[in-house]
Amino acid sequence: MAVDGPVVQVRGEAYQEVPPELARFAVTATARDRDREATLTRLAERAAAVRVLLDGSGPAVARRETGDLRVWPETRRSGERVVAWHGSVTTTVTVTDFTALGELMLRLADQDQVEVAGPWWELRPDSPAHRAARHAAISDALLRAREYAEALGAQVTSLIELADAGPVDRPMFARAAFAGGADAGGPPELQLDPQPQTVQAAVRARFTISDPVLG
């Protein structure tokens with residue numbers, strides 16, 4: 001498309017930190033015994049105990065998914081003789097109520113032969129924060145175009161092209177804090193500080209401007 005008059009091309013960027021909307025953590029139940037059937041029985045019992053706790057957590061748990069199930073033999077170095085059987089099953093839990101997160105993780109970690117890892121903070125895929133960042137990037141592009149035009153004694157007159165320009169090249173900082181403690185004789189408490197989530201957007205825009213005033 002032919003364009004009459006001068007053109008300015010700019011890149012608009014937005015970089016924001018917003019509170020997370022989701023927290024995920026992993027719960028792994030393990031078992032070990034010389035007998036394979038005993039290992040499987042213990043593993044099933046411990047996985048069931050985890051399910052009972054999650055069932056009783058109410059609406060705090062938005063989603064749970066059983067992922068990695070492993071059963072493997074332990075052998076002697078000198079041969080293939082099995083000396084023990086190991087088993088593990090991992091469940092990934094997604095929580096939306098952060099006030100209940102610390103207590104839930106501690107209750108799960110208090111189970112026999114259960115490991116808890118996390119949390120990992122996230123935004124929903126359809127979070128309004130992404131849309132807000134895109135709008136902010138467009139506003140930044142328009143502001144830059146106007147500043148360039150103003151420096152030339154001109155004005156932005158129309159938009160020629162607007163396109164995504166890829167991610168913003170900025171460093172990512174992970175920040176999370178954990179603090180646990182309880183009064184003597186009381187139940188343990190765990191306070192979690194949600195990690196701010198980085199939302200980025202960038203656009204490339206071309207505008208026509210009025211004739212510049214030079215000299």
# chains A, B, ... in the order shown; residues from 1 in each chain; ligands from 1
>>> select_by_dssp(residues="region 5-142 of chain A", states="strand (DSSP E)", output="JSON, numbers by chain")
{"A": [7, 8, 9, 10, 11, 12, 13, 14, 15, 16, 17, 18, 22, 23, 24, 25, 26, 27, 28, 29, 30, 31, 32, 33, 61, 62, 63, 64, 65, 66, 67, 68, 69, 70, 71, 72, 73, 74, 75, 82, 83, 84, 85, 86, 87, 88, 89, 90, 91, 92, 93, 94, 95, 114, 115, 116, 117, 118, 119, 120, 121, 122]}
>>> select_by_dssp(residues="region 29-157 of chain A", states="helix (DSSP H, G or I)", output="CSV table (one decimal) with C-alpha atoms, in the first residue's frame")
chain,number,residue,atom,x,y,z
A,36,ARG,CA,6.7,-56.0,45.8
A,37,GLU,CA,3.1,-56.5,46.9
A,38,ALA,CA,3.7,-54.9,50.2
A,39,THR,CA,5.3,-51.9,48.4
A,40,LEU,CA,2.3,-51.5,46.2
A,41,THR,CA,-0.1,-51.9,49.1
A,42,ARG,CA,1.7,-49.2,51.2
A,43,LEU,CA,1.9,-46.9,48.1
A,44,ALA,CA,-1.8,-47.3,47.5
A,45,GLU,CA,-2.7,-46.6,51.1
A,46,ARG,CA,-0.5,-43.5,51.3
A,47,ALA,CA,-1.9,-42.2,48.0
A,48,ALA,CA,-5.4,-42.7,49.3
A,49,ALA,CA,-4.6,-40.8,52.5
A,50,VAL,CA,-3.4,-37.9,50.3
A,51,ARG,CA,-6.7,-38.1,48.3
A,52,VAL,CA,-8.7,-38.0,51.6
A,53,LEU,CA,-7.0,-34.8,52.7
A,54,LEU,CA,-7.5,-33.2,49.3
A,55,ASP,CA,-11.2,-34.2,49.3
A,58,GLY,CA,-13.2,-27.9,50.0
A,59,PRO,CA,-13.2,-25.2,47.2
A,60,ALA,CA,-9.6,-24.2,48.0
A,98,PHE,CA,-4.0,-18.7,49.0
A,99,THR,CA,-5.1,-18.3,52.6
A,100,ALA,CA,-5.5,-22.0,52.9
A,101,LEU,CA,-2.4,-22.9,50.9
A,102,GLY,CA,0.2,-23.0,53.7
A,103,GLU,CA,-2.0,-25.1,56.1
A,104,LEU,CA,-2.9,-27.6,53.3
A,105,MET,CA,0.7,-28.1,52.3
A,106,LEU,CA,1.7,-28.7,56.0
A,107,ARG,CA,-1.1,-31.2,56.5
A,108,LEU,CA,0.0,-33.1,53.5
A,109,ALA,CA,3.7,-33.0,54.4
A,128,PRO,CA,-7.2,-10.0,32.2
A,129,ALA,CA,-3.6,-9.0,33.0
A,130,HIS,CA,-2.5,-10.1,29.6
A,131,ARG,CA,-5.1,-7.9,27.9
A,132,ALA,CA,-4.2,-5.0,30.0
A,133,ALA,CA,-0.5,-5.4,29.1
A,134,ARG,CA,-1.3,-5.4,25.4
A,135,HIS,CA,-3.4,-2.2,25.7
A,136,ALA,CA,-0.5,-0.6,27.6
A,137,ALA,CA,2.0,-1.6,24.9
A,138,ILE,CA,-0.3,0.0,22.2
A,139,SER,CA,-0.6,3.2,24.4
A,140,ASP,CA,3.2,3.3,24.7
A,141,ALA,CA,3.7,3.0,20.9
A,142,LEU,CA,1.3,5.8,20.3
A,143,LEU,CA,3.0,8.0,22.9
A,144,ARG,CA,6.4,7.4,21.4
A,145,ALA,CA,5.1,8.2,17.9
A,146,ARG,CA,3.6,11.5,19.2
A,147,GLU,CA,6.9,12.4,20.9
A,148,TYR,CA,8.9,11.8,17.7
A,149,ALA,CA,6.4,13.8,15.7
A,150,GLU,CA,6.4,16.6,18.3
A,151,ALA,CA,10.2,16.8,18.1
>>> closest_residue(among="A:Leu162, A:Arg34, A:Pro6, A:Ala14", to="Ala202 (chain A)", atoms="only C-alpha atoms")
A:Ala14
>>> residues_around(residues="Glu74 (chain A)", least_positions_apart="3", cutoff="8 Å", atoms="only C-alpha atoms", output="list in words")
Val82, Val83, Ala84, Trp85 and His86 of chain A
>>> write_last_selection(atoms="C-alpha atoms", output="CSV table (one decimal), in the first residue's frame")
chain,number,residue,atom,x,y,z
A,82,VAL,CA,16.2,-57.7,43.8
A,83,VAL,CA,16.7,-56.6,47.4
A,84,ALA,CA,13.8,-54.1,47.6
A,85,TRP,CA,11.0,-52.5,45.7
A,86,HIS,CA,10.3,-48.8,45.5
>>> closest_residue(among="A:Val93, A:Leu69, A:Ala163, A:Val213", to="Ala31 (chain A)", atoms="only C-alpha atoms")
A:Leu69
>>> residues_around(residues="Pro20 (chain A)", least_positions_apart="2", cutoff="9 Å", atoms="only C-alpha atoms", output="count of residues only")
11
>>> decode(residues="region 82-163 of chain A", atoms="C-alpha atoms", output="PDB file, in the first residue's frame")
ATOM      1  CA  VAL A  82      16.180 -57.704  43.832  1.00  0.00           C
ATOM      2  CA  VAL A  83      16.735 -56.571  47.415  1.00  0.00           C
ATOM      3  CA  ALA A  84      13.812 -54.090  47.635  1.00  0.00           C
ATOM      4  CA  TRP A  85      10.984 -52.516  45.686  1.00  0.00           C
ATOM      5  CA  HIS A  86      10.335 -48.786  45.481  1.00  0.00           C
ATOM      6  CA  GLY A  87       7.185 -46.980  44.451  1.00  0.00           C
ATOM      7  CA  SER A  88       6.062 -43.375  44.137  1.00  0.00           C
ATOM      8  CA  VAL A  89       3.041 -41.474  42.828  1.00  0.00           C
ATOM      9  CA  THR A  90       2.873 -37.705  42.332  1.00  0.00           C
ATOM     10  CA  THR A  91      -0.199 -35.510  42.340  1.00  0.00           C
ATOM     11  CA  THR A  92      -0.123 -31.903  41.148  1.00  0.00           C
ATOM     12  CA  VAL A  93      -2.513 -29.648  43.038  1.00  0.00           C
ATOM     13  CA  THR A  94      -3.803 -26.259  41.859  1.00  0.00           C
ATOM     14  CA  VAL A  95      -5.055 -23.859  44.531  1.00  0.00           C
ATOM     15  CA  THR A  96      -6.870 -20.549  44.139  1.00  0.00           C
ATOM     16  CA  ASP A  97      -7.380 -19.738  47.833  1.00  0.00           C
ATOM     17  CA  PHE A  98      -3.951 -18.684  49.034  1.00  0.00           C
ATOM     18  CA  THR A  99      -5.117 -18.255  52.639  1.00  0.00           C
ATOM     19  CA  ALA A 100      -5.542 -22.021  52.899  1.00  0.00           C
ATOM     20  CA  LEU A 101      -2.417 -22.925  50.927  1.00  0.00           C
ATOM     21  CA  GLY A 102       0.155 -23.042  53.724  1.00  0.00           C
ATOM     22  CA  GLU A 103      -2.046 -25.082  56.056  1.00  0.00           C
ATOM     23  CA  LEU A 104      -2.930 -27.550  53.305  1.00  0.00           C
ATOM     24  CA  MET A 105       0.708 -28.084  52.332  1.00  0.00           C
ATOM     25  CA  LEU A 106       1.713 -28.671  55.960  1.00  0.00           C
ATOM     26  CA  ARG A 107      -1.105 -31.168  56.511  1.00  0.00           C
ATOM     27  CA  LEU A 108      -0.018 -33.108  53.452  1.00  0.00           C
ATOM     28  CA  ALA A 109       3.652 -32.975  54.435  1.00  0.00           C
ATOM     29  CA  ASP A 110       2.710 -34.406  57.839  1.00  0.00           C
ATOM     30  CA  GLN A 111       1.625 -37.683  56.237  1.00  0.00           C
ATOM     31  CA  ASP A 112       3.876 -40.729  56.411  1.00  0.00           C
ATOM     32  CA  GLN A 113       6.400 -40.922  53.548  1.00  0.00           C
ATOM     33  CA  VAL A 114       4.928 -37.956  51.661  1.00  0.00           C
ATOM     34  CA  GLU A 115       7.006 -35.205  50.039  1.00  0.00           C
ATOM     35  CA  VAL A 116       5.575 -31.782  49.157  1.00  0.00           C
ATOM     36  CA  ALA A 117       7.272 -29.423  46.680  1.00  0.00           C
ATOM     37  CA  GLY A 118       6.258 -25.916  45.659  1.00  0.00           C
ATOM     38  CA  PRO A 119       4.363 -23.708  45.414  1.00  0.00           C
ATOM     39  CA  TRP A 120       4.758 -22.370  41.891  1.00  0.00           C
ATOM     40  CA  TRP A 121       2.780 -19.197  41.247  1.00  0.00           C
ATOM     41  CA  GLU A 122       0.970 -18.531  37.977  1.00  0.00           C
ATOM     42  CA  LEU A 123      -1.627 -16.477  36.167  1.00  0.00           C
ATOM     43  CA  ARG A 124      -4.624 -17.990  34.426  1.00  0.00           C
ATOM     44  CA  PRO A 125      -4.120 -18.354  30.661  1.00  0.00           C
ATOM     45  CA  ASP A 126      -7.083 -16.012  30.091  1.00  0.00           C
ATOM     46  CA  SER A 127      -6.103 -13.565  32.825  1.00  0.00           C
ATOM     47  CA  PRO A 128      -7.213  -9.954  32.224  1.00  0.00           C
ATOM     48  CA  ALA A 129      -3.619  -8.970  33.037  1.00  0.00           C
ATOM     49  CA  HIS A 130      -2.496 -10.113  29.567  1.00  0.00           C
ATOM     50  CA  ARG A 131      -5.098  -7.944  27.855  1.00  0.00           C
ATOM     51  CA  ALA A 132      -4.163  -4.967  30.032  1.00  0.00           C
ATOM     52  CA  ALA A 133      -0.486  -5.391  29.084  1.00  0.00           C
ATOM     53  CA  ARG A 134      -1.321  -5.431  25.373  1.00  0.00           C
ATOM     54  CA  HIS A 135      -3.368  -2.248  25.741  1.00  0.00           C
ATOM     55  CA  ALA A 136      -0.505  -0.634  27.644  1.00  0.00           C
ATOM     56  CA  ALA A 137       1.954  -1.581  24.884  1.00  0.00           C
ATOM     57  CA  ILE A 138      -0.273   0.046  22.248  1.00  0.00           C
ATOM     58  CA  SER A 139      -0.560   3.195  24.353  1.00  0.00           C
ATOM     59  CA  ASP A 140       3.223   3.261  24.702  1.00  0.00           C
ATOM     60  CA  ALA A 141       3.666   2.973  20.934  1.00  0.00           C
ATOM     61  CA  LEU A 142       1.266   5.847  20.309  1.00  0.00           C
ATOM     62  CA  LEU A 143       2.984   7.985  22.937  1.00  0.00           C
ATOM     63  CA  ARG A 144       6.401   7.383  21.376  1.00  0.00           C
ATOM     64  CA  ALA A 145       5.104   8.219  17.921  1.00  0.00           C
ATOM     65  CA  ARG A 146       3.640  11.466  19.179  1.00  0.00           C
ATOM     66  CA  GLU A 147       6.897  12.363  20.926  1.00  0.00           C
ATOM     67  CA  TYR A 148       8.895  11.795  17.738  1.00  0.00           C
ATOM     68  CA  ALA A 149       6.385  13.795  15.712  1.00  0.00           C
ATOM     69  CA  GLU A 150       6.403  16.619  18.264  1.00  0.00           C
ATOM     70  CA  ALA A 151      10.194  16.772  18.113  1.00  0.00           C
ATOM     71  CA  LEU A 152       9.819  17.423  14.380  1.00  0.00           C
ATOM     72  CA  GLY A 153       7.063  19.991  14.791  1.00  0.00           C
ATOM     73  CA  ALA A 154       4.537  17.539  13.342  1.00  0.00           C
ATOM     74  CA  GLN A 155       1.527  15.505  14.466  1.00  0.00           C
ATOM     75  CA  VAL A 156       0.499  11.888  14.159  1.00  0.00           C
ATOM     76  CA  THR A 157      -2.253  11.663  11.548  1.00  0.00           C
ATOM     77  CA  SER A 158      -3.076   7.979  11.016  1.00  0.00           C
ATOM     78  CA  LEU A 159      -2.110   4.386  11.770  1.00  0.00           C
ATOM     79  CA  ILE A 160      -0.619   2.318   8.937  1.00  0.00           C
ATOM     80  CA  GLU A 161       0.302  -0.927  10.665  1.00  0.00           C
ATOM     81  CA  LEU A 162       0.104  -2.534  14.119  1.00  0.00           C
ATOM     82  CA  ALA A 163       1.595  -5.951  14.918  1.00  0.00           C
TER      83      ALA A 163
END
